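Below: the structure, in structure tokens.
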Amino acid sequence: MPQKINRLVVIGLGLIGSSLAKAARDRDLCNEVIGSSRSPETLIKAMSGGVVDRVVDQIEDIASELGEGDMVVIGVPTLTVPTIVRQLQPLLADTVTITDVASVKGSVVDTVAGIYGKIPSQFVPGHPIAGSEKSGVDAVNPTLFDDHRVILTPLPETGAAHLAKVQSLWQGVGAVVTDMSVTDHDEILAATSHLPHLLAYALVDTLSNMRENQEIFRYAAGGFRDFTRIAASDPLMWHDIIIANDKAVLSVLDQLTDHIQSLKQAIVASDSEKLLGVFTRASEARNHFTKMLENKAYLEPMKQTIDYRVTPGGKVSGEIRIPGDKSISHRSIMLGSLAQGVTEVTGFLEGEDSLATLQAFRDMGVVIEGPIDGRVVIHGVGINGLKAPAGPLYLGNSGTSMRLLSGLLAAQSFDVELTGDASLSKRPMERVAEPLRKMGAVIETEEGGRPPLRIKGGRQLRGIDYTLPMASAQVKSCVLLAGLYADGKTSTTEPAPTRDHTERMLSGFGYQVDRQGAMAALIGGAELAATTIDVPADISSATFYMVAAAIAPGSDITLLHVGINPTRIGVINILQMMGADIQLLNQAEVGGEPVADIRIRYAPLHGINIPEDQVPLAIDEFPALFVAAACAEGQTVLTGAEELRVKESDRIQAMAYGLQTLGVDVEPTPDGIVIQGGAVQGNIFGGGTVDSEDDHRIAMSFAIAGLRAKDSIVIKNCNNVATSFPGFVALANQAGLKIVEEKR
Ligand code: S3P
């Protein structure tokens with residue numbers, strides 16, 4: 001912990017200087033706060049407002065007295081900084097820490113270097129990203145820096161002790177301190193702050209120069225007001241900033257001017273595709289950014305962690321519609337983007353995983369409208385129409401996005417990098433890199449075949465006949481999608497049937513796929529034709545309600561319009577083998593996928609040896625099925641399911657830990673688990689705290705266990721439920737569970 005500052009001298013008592021002085025004084029961060037300003041009036045206000053302990057008229061009066069433990073903050077407008085540094089330089093001892101708050105760092109650093117002949121180790125350049133259109137000591141606000149960023153741009157010459165003191169001052173007034181280089185700072189601020197101010201001034205000035213401006217301003221409502229709030233900021237300050245950061249400002253201004261020119265041409269040419277493209281991308285980016293700022297998190301870690309507290313007991317009933325199928329939602333965006341024409345999707349899953357895929361295609365230039373209430377309109381760019389994204393594609397928690405995209409992207413003309421969150425960054429990717437390399441792709445992974453994946457562009461792929469070493473729909477889909485671009489025929493042969501949504505949807509987009517038993521093949525080079533897609537409810541998400549009804553006496557629930565593709569119904573088969581009462585009603589086929597309403601009523605369950613051929617057909621449903629097995633009479637044995645160990649968590653281990661905590665007798669094995677079922681009647685689970693290990697399906701499985709628990713169950717780390725099942729808690733409570741979200 002650095003020592004308390006002795007004397008803090010703030011030169012310039014504008015909004016930032018006076019707020020820092022008062023915050024430091026209020027929070028007892030220094031022995032004395034001394035203020036200096038050119039304006040006698042400001043000094044009087046600073047004293048009477050309790051901003052400082054004392055004031056000095058002339059900085060010379062105090063500078064030579066300062067020494068070890070003291071700090072000077074230069075809080076004057078950017079272009080006045082040289083005058084102050086020139087005054088200070090002959091007087092200040094080299095033990096005094098000097099920092100500044102100017103919005104441009106390059107010009108300040110050059111000034112200091114010029115006057116001192118070098119960068120003195122006592123100098124720590126800084127910039128608090130706080131402020132408002134209000135200025136001066138009258139606007140003093142000691143909470144101005146709370147949770148705001150302060151950027152420090154220390155130089156190689158900057159002394160570590162001086163840096164630590166400045167960091168600790170800013171942290172002490174509530175700020176979050178970040179270090180960055182001077183150049184990065186000035187470029188970033190030019191784009192995010194200096195340019196917007198310039199534009200706000202320009203727009204207001206343009207409008208006020210129009211002859212009829214009185215009339216115009218009378219009608220200037222929301223848009224004008226929102227856009228130009230910052231044009232009321234201190235003109236001198238912004239003049240200084242723009243001049244001091246001219247190069248970086250000019251560079252972003254050039255880019256914006258080009259962009260405005262191209263929009264102008266689009267308007268002239270009535271090019272709605274272009275306008276819609278720019279607007280949807282920008283609107284999405286702005287939304288994403290708002291959510292990040294609010295820590296609501298779309299594809300970003302949330303600031304607050306969500307835990308579930310489940311009150312024991314209850315049953316489930318009613319008719320509910322579960323959100324859309326995740327696998328089909330991903331594929332609808334991918335194929336819709338690569339098709340020619342406009343694809344309309346309804347029932348799209350607005351979960352973070354499928355939104356990650358959607359965002360990735362937006363990043364590659366595809367115009368995608370929505371989602372609004374599950375409706376997405378994709379303006380396909382054709383099989384060769386994707387553009388290089390500006391940076392790495394961030395795929396959050398979504399293994400499906402990364403594995404399927406790697407196939408598509410292996411054949412593009414551009415390089416691309418795929419990244420993900422902590423869980424995805426641990427998952428095996430060699431399983432897709434290996435067949436893609438056989439096809440001629442160039443892909444680098446991190447050690448152990450983990451993400452990020454770096455894919456080289458400009459490779460012509462060749463078709464292969466690939467026999468999958470494991471039953472994986474993601475690997476199969478990856479190879480087939482790469483095959484769209486490959487010379488000749490690409491075929492996959494799988495060791496056991498896995499979900500076939502890719503094959504079905506390719507056919508729906510008019511692409512010929514030959515399927516014979518375990519083999520699927522296509523010939524590269526054809527086009528996809530846009531279509532409409534009705535995404536059924538996700539049977540994997542429906543599973544939690546099916547198991548809930550199967551274990552809670554008195555339950556009777558109907559789940560509407562659920563996908564019952566034969567490659568996905570392992571959960572129905574297994575529950576029926578265990579004695580569950582399940583009926584499939586209103587069976588139909590929509591867009592090549594079978595659907596039904598699933599009615600499930602409570603009936604006592606018994607343990608079984610789960611047939612291995614059901615494992616790939618129920619691969620995502622095992623965490624919930626383990627809860628069913630715990631509530632069944634007798635023993636349930638699962639084998640042949642080692643894939644569960646490399647899902648969003650090691651699902652065998654995570655479920656075994658949690659079930660044991662709740663008092664269930666389970667024994668994990670390398671490829672499965674043995675579960676001793678409890679009594680047919682009464683409570684199965686004790687209460688307690690279990691950890692979802694950031695895995696959505698583990699979290700939801702333990703939530704339904706509450707139906708047969710003796711005491712409350714607390715489930716830690718449930719944020720990722722949003723990846724596959726937005727609104728899970730509300731829907732669960734509507735059906736009869738009692739779950740409360742607790743934030744910490
Ligand atoms: C999926 C395939 C499965 C499944 C995942 C979604 C897909 O993964 O677990 O949730 O959409 O293709 P594997 O291919 O790794 O088995």
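By convention in this document, the chains of the structure tokens carry letters A, B, ... by their order, each chain's residues are numbered from 1, and ligands are numbered from 1 in the order they are shown.
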
| query | What do you get as a PyMOL selection string if you pick all residues at most 6 Å from ligand 1, counting only C-alpha atoms and all ligand atoms? | reply | chain A and resi 327+400+472-475+619-620

| message | Using only C-alpha atoms, which protein or nucleic acid residues come within 6 Å of region 712-720 of chain A? Drop anything in the same chain fewer than 6 positions from it, and give the result as a ChimeraX atom specification. | response | /A:306-312,687-692,694,696,699

Per DSSP on the backbone, filter region 538-569 of chain A down to the residues in helix (DSSP H, G or I) and report them as a compact mmCIF listing (two decimals) with N, CA and C atoms, in the first residue's frame.
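Result file follows (selection.txt):
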# COMPACT_ATOMS: atom_id res chain seq x y z
N ILE A 539 -35.68 -29.60 -28.12
CA ILE A 539 -35.96 -30.76 -27.27
C ILE A 539 -34.98 -30.82 -26.11
N SER A 540 -33.78 -30.28 -26.29
CA SER A 540 -32.79 -30.30 -25.20
C SER A 540 -33.26 -29.40 -24.06
N SER A 541 -33.89 -28.28 -24.39
CA SER A 541 -34.41 -27.40 -23.34
C SER A 541 -35.71 -27.96 -22.78
N ALA A 542 -36.52 -28.59 -23.66
CA ALA A 542 -37.77 -29.21 -23.21
C ALA A 542 -37.48 -30.31 -22.18
N THR A 543 -36.30 -30.92 -22.30
CA THR A 543 -35.93 -32.02 -21.41
C THR A 543 -36.10 -31.67 -19.94
N PHE A 544 -35.75 -30.43 -19.56
CA PHE A 544 -35.82 -30.08 -18.14
C PHE A 544 -37.26 -30.17 -17.63
N TYR A 545 -38.21 -29.81 -18.49
CA TYR A 545 -39.62 -29.86 -18.09
C TYR A 545 -40.14 -31.29 -18.19
N MET A 546 -39.60 -32.06 -19.14
CA MET A 546 -40.00 -33.46 -19.22
C MET A 546 -39.56 -34.20 -17.96
N VAL A 547 -38.30 -34.00 -17.59
CA VAL A 547 -37.81 -34.68 -16.38
C VAL A 547 -38.55 -34.15 -15.16
N ALA A 548 -38.83 -32.84 -15.14
CA ALA A 548 -39.56 -32.27 -14.00
C ALA A 548 -40.89 -33.00 -13.81
N ALA A 549 -41.63 -33.18 -14.92
CA ALA A 549 -42.93 -33.85 -14.82
C ALA A 549 -42.75 -35.32 -14.47
N ALA A 550 -41.67 -35.92 -14.97
CA ALA A 550 -41.45 -37.35 -14.74
C ALA A 550 -41.10 -37.65 -13.29
N ILE A 551 -40.57 -36.65 -12.56
CA ILE A 551 -40.16 -36.95 -11.17
C ILE A 551 -41.09 -36.35 -10.11

| said: Give me the residues near region 336-352 of chain A as a PyMOL selection string, where near means some atom within 7 Å (using only C-alpha atoms) and where sequence neighbours in that chain fewer than 4 positions away do not count. | reply: chain A and resi 298-299+323-326+329+332+356+366+374-383+527-536+722-726

Please dump the current selection as a short mmCIF file (atom, residue, chain, number, x, y, z; two decimals), in the first residue's frame; keep N, CA and C atoms.
data_model
loop_
_atom_site.label_atom_id
_atom_site.label_comp_id
_atom_site.auth_asym_id
_atom_site.auth_seq_id
_atom_site.Cartn_x
_atom_site.Cartn_y
_atom_site.Cartn_z
N TYR A 298 -24.01 -9.19 -23.37
CA TYR A 298 -24.33 -10.05 -24.50
C TYR A 298 -22.95 -10.42 -25.01
N LEU A 299 -22.64 -11.68 -24.85
CA LEU A 299 -21.33 -12.18 -25.24
C LEU A 299 -20.20 -11.56 -24.43
N PRO A 323 -38.14 -22.15 -25.87
CA PRO A 323 -37.44 -21.42 -26.94
C PRO A 323 -36.89 -22.34 -28.04
N GLY A 324 -36.50 -21.69 -29.13
CA GLY A 324 -36.13 -22.41 -30.35
C GLY A 324 -34.90 -23.30 -30.22
N ASP A 325 -34.81 -24.24 -31.14
CA ASP A 325 -33.72 -25.21 -31.13
C ASP A 325 -32.39 -24.51 -31.43
N LYS A 326 -31.43 -24.78 -30.56
CA LYS A 326 -30.13 -24.10 -30.68
C LYS A 326 -29.39 -24.56 -31.93
N SER A 329 -31.02 -23.16 -34.97
CA SER A 329 -30.83 -21.70 -35.04
C SER A 329 -29.45 -21.35 -35.59
N SER A 332 -29.35 -22.04 -39.29
CA SER A 332 -30.18 -21.15 -40.12
C SER A 332 -29.41 -19.89 -40.47
N ALA A 356 -24.17 -15.45 -30.89
CA ALA A 356 -22.74 -15.36 -31.21
C ALA A 356 -22.52 -15.69 -32.69
N VAL A 366 -22.61 -9.64 -43.43
CA VAL A 366 -23.95 -10.07 -43.83
C VAL A 366 -24.98 -9.16 -43.14
N GLY A 374 -38.02 -13.68 -32.10
CA GLY A 374 -37.62 -14.90 -32.79
C GLY A 374 -37.61 -14.80 -34.30
N ARG A 375 -37.90 -13.61 -34.85
CA ARG A 375 -37.90 -13.48 -36.31
C ARG A 375 -36.60 -12.84 -36.75
N VAL A 376 -35.95 -13.50 -37.71
CA VAL A 376 -34.68 -13.01 -38.23
C VAL A 376 -34.78 -13.01 -39.75
N VAL A 377 -34.31 -11.93 -40.37
CA VAL A 377 -34.29 -11.88 -41.83
C VAL A 377 -32.84 -11.74 -42.27
N ILE A 378 -32.39 -12.73 -43.04
CA ILE A 378 -30.98 -12.77 -43.43
C ILE A 378 -30.86 -12.44 -44.92
N HIS A 379 -30.10 -11.41 -45.22
CA HIS A 379 -29.88 -11.04 -46.62
C HIS A 379 -28.63 -11.79 -47.09
N GLY A 380 -28.85 -12.95 -47.65
CA GLY A 380 -27.74 -13.83 -48.02
C GLY A 380 -26.77 -13.16 -48.99
N VAL A 381 -25.48 -13.50 -48.84
CA VAL A 381 -24.47 -12.86 -49.69
C VAL A 381 -23.95 -13.83 -50.75
N GLY A 382 -24.48 -15.05 -50.78
CA GLY A 382 -23.98 -16.04 -51.73
C GLY A 382 -22.78 -16.76 -51.13
N ILE A 383 -22.49 -17.91 -51.71
CA ILE A 383 -21.50 -18.81 -51.11
C ILE A 383 -20.11 -18.16 -50.99
N GLU A 527 -24.63 -23.71 -55.45
CA GLU A 527 -25.13 -22.55 -54.69
C GLU A 527 -26.25 -22.98 -53.75
N LEU A 528 -26.50 -22.17 -52.74
CA LEU A 528 -27.64 -22.37 -51.84
C LEU A 528 -28.72 -21.36 -52.21
N ALA A 529 -29.96 -21.78 -52.18
CA ALA A 529 -31.06 -20.85 -52.52
C ALA A 529 -31.82 -20.52 -51.24
N ALA A 530 -32.06 -19.22 -51.01
CA ALA A 530 -32.73 -18.78 -49.79
C ALA A 530 -34.06 -19.51 -49.60
N THR A 531 -34.47 -19.63 -48.33
CA THR A 531 -35.71 -20.34 -48.03
C THR A 531 -36.33 -19.73 -46.77
N THR A 532 -37.39 -20.36 -46.26
CA THR A 532 -37.91 -19.93 -44.97
C THR A 532 -37.71 -21.06 -43.98
N ILE A 533 -37.45 -20.70 -42.74
CA ILE A 533 -37.17 -21.72 -41.73
C ILE A 533 -38.03 -21.45 -40.50
N ASP A 534 -38.75 -22.49 -40.07
CA ASP A 534 -39.53 -22.42 -38.84
C ASP A 534 -38.77 -23.27 -37.82
N VAL A 535 -38.13 -22.63 -36.86
CA VAL A 535 -37.31 -23.38 -35.90
C VAL A 535 -38.23 -23.95 -34.82
N PRO A 536 -38.25 -25.27 -34.66
CA PRO A 536 -39.10 -25.84 -33.60
C PRO A 536 -38.49 -25.56 -32.22
N ALA A 722 -28.29 -18.43 -19.96
CA ALA A 722 -28.66 -17.54 -21.07
C ALA A 722 -28.06 -17.98 -22.41
N THR A 723 -27.12 -18.89 -22.42
CA THR A 723 -26.56 -19.32 -23.71
C THR A 723 -27.58 -20.13 -24.50
N SER A 724 -28.40 -20.93 -23.80
CA SER A 724 -29.32 -21.80 -24.53
C SER A 724 -30.78 -21.58 -24.16
N PHE A 725 -31.03 -20.97 -22.99
CA PHE A 725 -32.41 -20.93 -22.53
C PHE A 725 -32.72 -19.59 -21.87
N PRO A 726 -32.83 -18.52 -22.68
CA PRO A 726 -33.22 -17.25 -22.09
C PRO A 726 -34.62 -17.38 -21.50
#

| Quick one: residues within 8 Å of region 629-634 of chain A, only C-alpha atoms counted, chain neighbours fewer than 6 positions away excluded, as a ChimeraX atom specification? | /A:551,578,604-608,664,675-680,684,708

Export of the given selection (N, CA, C and O atoms) as a PDB file, in the first residue's frame:
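Printed below is again.pdb as written:
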ATOM      1  N   ILE A 551     -40.575 -36.651 -12.557  1.00  0.00           N
ATOM      2  CA  ILE A 551     -40.157 -36.946 -11.172  1.00  0.00           C
ATOM      3  C   ILE A 551     -41.095 -36.352 -10.110  1.00  0.00           C
ATOM      4  O   ILE A 551     -40.990 -36.720  -8.950  1.00  0.00           O
ATOM      5  N   MET A 578     -37.589 -46.019 -18.819  1.00  0.00           N
ATOM      6  CA  MET A 578     -37.594 -45.928 -17.344  1.00  0.00           C
ATOM      7  C   MET A 578     -39.019 -45.907 -16.787  1.00  0.00           C
ATOM      8  O   MET A 578     -39.204 -45.825 -15.575  1.00  0.00           O
ATOM      9  N   PRO A 604     -44.184 -43.345 -11.851  1.00  0.00           N
ATOM     10  CA  PRO A 604     -42.960 -43.762 -11.154  1.00  0.00           C
ATOM     11  C   PRO A 604     -41.926 -44.298 -12.148  1.00  0.00           C
ATOM     12  O   PRO A 604     -42.270 -44.986 -13.109  1.00  0.00           O
ATOM     13  N   LEU A 605     -40.657 -43.957 -11.914  1.00  0.00           N
ATOM     14  CA  LEU A 605     -39.576 -44.383 -12.813  1.00  0.00           C
ATOM     15  C   LEU A 605     -38.800 -45.529 -12.181  1.00  0.00           C
ATOM     16  O   LEU A 605     -38.759 -45.662 -10.959  1.00  0.00           O
ATOM     17  N   HIS A 606     -38.161 -46.323 -13.044  1.00  0.00           N
ATOM     18  CA  HIS A 606     -37.234 -47.339 -12.527  1.00  0.00           C
ATOM     19  C   HIS A 606     -35.912 -47.241 -13.269  1.00  0.00           C
ATOM     20  O   HIS A 606     -35.858 -46.790 -14.423  1.00  0.00           O
ATOM     21  N   GLY A 607     -34.849 -47.663 -12.605  1.00  0.00           N
ATOM     22  CA  GLY A 607     -33.506 -47.556 -13.190  1.00  0.00           C
ATOM     23  C   GLY A 607     -33.319 -48.505 -14.363  1.00  0.00           C
ATOM     24  O   GLY A 607     -33.997 -49.528 -14.459  1.00  0.00           O
ATOM     25  N   ILE A 608     -32.403 -48.160 -15.268  1.00  0.00           N
ATOM     26  CA  ILE A 608     -32.127 -49.027 -16.433  1.00  0.00           C
ATOM     27  C   ILE A 608     -30.635 -48.984 -16.757  1.00  0.00           C
ATOM     28  O   ILE A 608     -29.911 -48.113 -16.278  1.00  0.00           O
ATOM     29  N   VAL A 664     -26.978 -38.153  -2.981  1.00  0.00           N
ATOM     30  CA  VAL A 664     -27.283 -39.278  -3.871  1.00  0.00           C
ATOM     31  C   VAL A 664     -26.030 -40.157  -3.999  1.00  0.00           C
ATOM     32  O   VAL A 664     -24.911 -39.661  -4.061  1.00  0.00           O
ATOM     33  N   ILE A 675     -25.741 -44.672 -10.992  1.00  0.00           N
ATOM     34  CA  ILE A 675     -26.546 -43.901 -10.047  1.00  0.00           C
ATOM     35  C   ILE A 675     -27.504 -44.841  -9.328  1.00  0.00           C
ATOM     36  O   ILE A 675     -28.244 -45.607  -9.963  1.00  0.00           O
ATOM     37  N   GLN A 676     -27.491 -44.801  -8.006  1.00  0.00           N
ATOM     38  CA  GLN A 676     -28.445 -45.592  -7.219  1.00  0.00           C
ATOM     39  C   GLN A 676     -29.678 -44.726  -6.993  1.00  0.00           C
ATOM     40  O   GLN A 676     -29.597 -43.664  -6.378  1.00  0.00           O
ATOM     41  N   GLY A 677     -30.796 -45.163  -7.525  1.00  0.00           N
ATOM     42  CA  GLY A 677     -32.023 -44.384  -7.385  1.00  0.00           C
ATOM     43  C   GLY A 677     -32.536 -44.397  -5.950  1.00  0.00           C
ATOM     44  O   GLY A 677     -32.193 -45.285  -5.162  1.00  0.00           O
ATOM     45  N   GLY A 678     -33.359 -43.433  -5.621  1.00  0.00           N
ATOM     46  CA  GLY A 678     -33.892 -43.330  -4.266  1.00  0.00           C
ATOM     47  C   GLY A 678     -35.290 -43.902  -4.181  1.00  0.00           C
ATOM     48  O   GLY A 678     -35.714 -44.672  -5.051  1.00  0.00           O
ATOM     49  N   ALA A 679     -35.988 -43.490  -3.163  1.00  0.00           N
ATOM     50  CA  ALA A 679     -37.336 -44.001  -2.950  1.00  0.00           C
ATOM     51  C   ALA A 679     -38.276 -43.496  -4.040  1.00  0.00           C
ATOM     52  O   ALA A 679     -38.053 -42.445  -4.625  1.00  0.00           O
ATOM     53  N   VAL A 680     -39.317 -44.275  -4.340  1.00  0.00           N
ATOM     54  CA  VAL A 680     -40.293 -43.846  -5.339  1.00  0.00           C
ATOM     55  C   VAL A 680     -41.081 -42.651  -4.815  1.00  0.00           C
ATOM     56  O   VAL A 680     -41.380 -41.715  -5.533  1.00  0.00           O
ATOM     57  N   ILE A 684     -35.845 -37.089  -2.413  1.00  0.00           N
ATOM     58  CA  ILE A 684     -34.669 -37.804  -2.871  1.00  0.00           C
ATOM     59  C   ILE A 684     -33.426 -37.013  -2.491  1.00  0.00           C
ATOM     60  O   ILE A 684     -32.423 -37.561  -2.075  1.00  0.00           O
ATOM     61  N   ARG A 708     -37.924 -32.558  -5.880  1.00  0.00           N
ATOM     62  CA  ARG A 708     -37.911 -33.723  -4.975  1.00  0.00           C
ATOM     63  C   ARG A 708     -36.876 -33.545  -3.862  1.00  0.00           C
ATOM     64  O   ARG A 708     -36.271 -34.521  -3.405  1.00  0.00           O
TER      65      ARG A 708
END

| task | Per DSSP on the backbone, filter region 424-592 of chain A down to the residues in strand (DSSP E) and report them as number ranges by chain. | result | A: 443-446, 450-455, 465-467, 489-493, 514-516, 519-523, 532-534, 556-563, 581-590

| field | Ala388 (chain A) environment, 9 Å, only C-alpha atoms, sequence neighbours closer than 6 positions dropped, as an NGL selection string | value | :A and (363-365 or 412-416)

Could those residues be written to a file, using C-alpha atoms, as a CSV table (one decimal), in the first residue's frame?
chain,number,residue,atom,x,y,z
A,363,ASP,CA,-19.0,-9.1,-38.6
A,364,MET,CA,-18.4,-10.8,-42.0
A,365,GLY,CA,-20.6,-8.3,-43.7
A,412,GLN,CA,-12.5,-18.3,-47.5
A,413,SER,CA,-10.2,-15.9,-49.2
A,414,PHE,CA,-9.3,-14.1,-45.9
A,415,ASP,CA,-7.5,-15.1,-42.7
A,416,VAL,CA,-9.6,-15.3,-39.6

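Using only C-alpha atoms, the nearest neighbour of Thr257 (chain A) within the list A:Leu15, A:Leu195, A:Val513, A:Ala200 is A:Leu195.
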
| task | Have a look at CA of Met71 (chain A) and CA of Pro125 (chain A) and let me know their distance in Å, one decimal. | result | 12.9 Å

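Across the structure, CA of Ile328 (chain A) and CA of Phe361 (chain A) are spaced 15.7 Å apart.
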
| query | With only C-alpha atoms as the atoms that count, which of A:Asn565, A:Ser19, A:Thr97, A:Thr158 lies nearest to Thr143 (chain A)? | reply | A:Ser19

| Of the listed residues A:Arg601, A:Arg450, A:His239, A:His561, that which approaches Ala580 (chain A) most closely, counting only C-alpha atoms | A:Arg601

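The protein and nucleic acid residues lying at most 10 Å from Lys438 (chain A) are Ala433, Glu434, Pro435, Leu436, Gly440, Ala441, Val442, Leu461, Arg462, Gly463, Ile464, Asp465 and Tyr466 of chain A, with only C-alpha atoms considered and sequence neighbours fewer than 2 positions away removed.
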
Given the selection you just returned, output its residues as a file containing all heavy atoms, formatted as a JSON list (two decimals), in the first residue's frame.
[["chain", "number", "residue", "atom", "x", "y", "z"],
["A", 433, "ALA", "N", -9.85, -29.51, -36.71],
["A", 433, "ALA", "CA", -8.65, -29.07, -37.44],
["A", 433, "ALA", "C", -8.07, -30.23, -38.27],
["A", 433, "ALA", "O", -7.64, -30.03, -39.41],
["A", 433, "ALA", "CB", -7.61, -28.54, -36.47],
["A", 434, "GLU", "N", -8.13, -31.42, -37.70],
["A", 434, "GLU", "CA", -7.49, -32.57, -38.36],
["A", 434, "GLU", "C", -8.14, -32.89, -39.72],
["A", 434, "GLU", "O", -7.46, -32.89, -40.76],
["A", 434, "GLU", "CB", -7.51, -33.76, -37.39],
["A", 434, "GLU", "CG", -6.77, -34.96, -37.86],
["A", 434, "GLU", "CD", -7.68, -36.15, -38.19],
["A", 434, "GLU", "OE1", -8.91, -36.07, -37.97],
["A", 434, "GLU", "OE2", -7.16, -37.13, -38.69],
["A", 435, "PRO", "N", -9.47, -33.10, -39.79],
["A", 435, "PRO", "CA", -10.04, -33.36, -41.12],
["A", 435, "PRO", "C", -9.91, -32.16, -42.07],
["A", 435, "PRO", "O", -9.71, -32.34, -43.28],
["A", 435, "PRO", "CB", -11.51, -33.66, -40.83],
["A", 435, "PRO", "CG", -11.79, -33.15, -39.45],
["A", 435, "PRO", "CD", -10.47, -33.24, -38.73],
["A", 436, "LEU", "N", -9.99, -30.94, -41.51],
["A", 436, "LEU", "CA", -9.88, -29.77, -42.39],
["A", 436, "LEU", "C", -8.48, -29.70, -43.00],
["A", 436, "LEU", "O", -8.33, -29.35, -44.18],
["A", 436, "LEU", "CB", -10.21, -28.48, -41.63],
["A", 436, "LEU", "CG", -11.69, -28.33, -41.23],
["A", 436, "LEU", "CD1", -11.90, -27.10, -40.35],
["A", 436, "LEU", "CD2", -12.61, -28.26, -42.47],
["A", 440, "GLY", "N", -6.82, -29.73, -46.99],
["A", 440, "GLY", "CA", -5.92, -28.70, -47.53],
["A", 440, "GLY", "C", -5.98, -27.39, -46.78],
["A", 440, "GLY", "O", -5.34, -26.41, -47.18],
["A", 441, "ALA", "N", -6.72, -27.35, -45.67],
["A", 441, "ALA", "CA", -6.82, -26.09, -44.91],
["A", 441, "ALA", "C", -5.56, -25.88, -44.09],
["A", 441, "ALA", "O", -4.86, -26.83, -43.76],
["A", 441, "ALA", "CB", -8.03, -26.15, -43.99],
["A", 442, "VAL", "N", -5.30, -24.62, -43.78],
["A", 442, "VAL", "CA", -4.18, -24.30, -42.88],
["A", 442, "VAL", "C", -4.79, -23.69, -41.61],
["A", 442, "VAL", "O", -5.38, -22.61, -41.64],
["A", 442, "VAL", "CB", -3.20, -23.32, -43.56],
["A", 442, "VAL", "CG1", -2.10, -22.92, -42.58],
["A", 442, "VAL", "CG2", -2.60, -23.98, -44.79],
["A", 461, "LEU", "N", -9.73, -26.03, -51.13],
["A", 461, "LEU", "CA", -9.88, -27.32, -50.44],
["A", 461, "LEU", "C", -10.18, -28.43, -51.44],
["A", 461, "LEU", "O", -10.71, -28.17, -52.52],
["A", 461, "LEU", "CB", -11.00, -27.24, -49.41],
["A", 461, "LEU", "CG", -10.88, -26.15, -48.35],
["A", 461, "LEU", "CD1", -12.00, -26.30, -47.31],
["A", 461, "LEU", "CD2", -9.52, -26.18, -47.66],
["A", 462, "ARG", "N", -9.83, -29.65, -51.06],
["A", 462, "ARG", "CA", -10.21, -30.80, -51.89],
["A", 462, "ARG", "C", -11.11, -31.73, -51.06],
["A", 462, "ARG", "O", -10.95, -31.83, -49.85],
["A", 462, "ARG", "CB", -8.96, -31.54, -52.40],
["A", 462, "ARG", "CG", -8.00, -31.88, -51.31],
["A", 462, "ARG", "CD", -6.67, -32.44, -51.81],
["A", 462, "ARG", "NE", -5.82, -32.61, -50.66],
["A", 462, "ARG", "CZ", -5.00, -31.70, -50.16],
["A", 462, "ARG", "NH1", -4.87, -30.53, -50.76],
["A", 462, "ARG", "NH2", -4.29, -31.93, -49.08],
["A", 463, "GLY", "N", -12.04, -32.35, -51.74],
["A", 463, "GLY", "CA", -12.98, -33.23, -51.06],
["A", 463, "GLY", "C", -12.27, -34.45, -50.48],
["A", 463, "GLY", "O", -11.26, -34.90, -51.02],
["A", 464, "ILE", "N", -12.77, -34.94, -49.34],
["A", 464, "ILE", "CA", -12.21, -36.17, -48.77],
["A", 464, "ILE", "C", -13.37, -37.08, -48.35],
["A", 464, "ILE", "O", -14.50, -36.63, -48.20],
["A", 464, "ILE", "CB", -11.32, -35.91, -47.52],
["A", 464, "ILE", "CG1", -12.10, -35.11, -46.45],
["A", 464, "ILE", "CG2", -10.04, -35.21, -47.89],
["A", 464, "ILE", "CD1", -11.42, -35.05, -45.09],
["A", 465, "ASP", "N", -13.02, -38.35, -48.15],
["A", 465, "ASP", "CA", -13.98, -39.27, -47.52],
["A", 465, "ASP", "C", -13.52, -39.40, -46.08],
["A", 465, "ASP", "O", -12.45, -39.94, -45.82],
["A", 465, "ASP", "CB", -13.94, -40.64, -48.21],
["A", 465, "ASP", "CG", -14.43, -40.52, -49.64],
["A", 465, "ASP", "OD1", -15.45, -39.84, -49.86],
["A", 465, "ASP", "OD2", -13.76, -41.08, -50.54],
["A", 466, "TYR", "N", -14.30, -38.88, -45.16],
["A", 466, "TYR", "CA", -13.83, -38.82, -43.78],
["A", 466, "TYR", "C", -14.66, -39.72, -42.88],
["A", 466, "TYR", "O", -15.88, -39.59, -42.80],
["A", 466, "TYR", "CB", -13.89, -37.37, -43.27],
["A", 466, "TYR", "CG", -13.22, -37.21, -41.92],
["A", 466, "TYR", "CD1", -11.86, -37.46, -41.78],
["A", 466, "TYR", "CD2", -13.95, -36.84, -40.79],
["A", 466, "TYR", "CE1", -11.23, -37.33, -40.54],
["A", 466, "TYR", "CE2", -13.33, -36.71, -39.55],
["A", 466, "TYR", "CZ", -11.97, -36.96, -39.44],
["A", 466, "TYR", "OH", -11.35, -36.85, -38.22]]

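Interatomic distance, CA of Thr192 (chain A) to CA of Val249 (chain A): 10.1 Å.
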
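Candidate residues A:Ile267, A:Ala113, A:Ile44, A:Gly12 were compared for distance to Ile59 (chain A), and the nearest is A:Gly12, using only C-alpha atoms.
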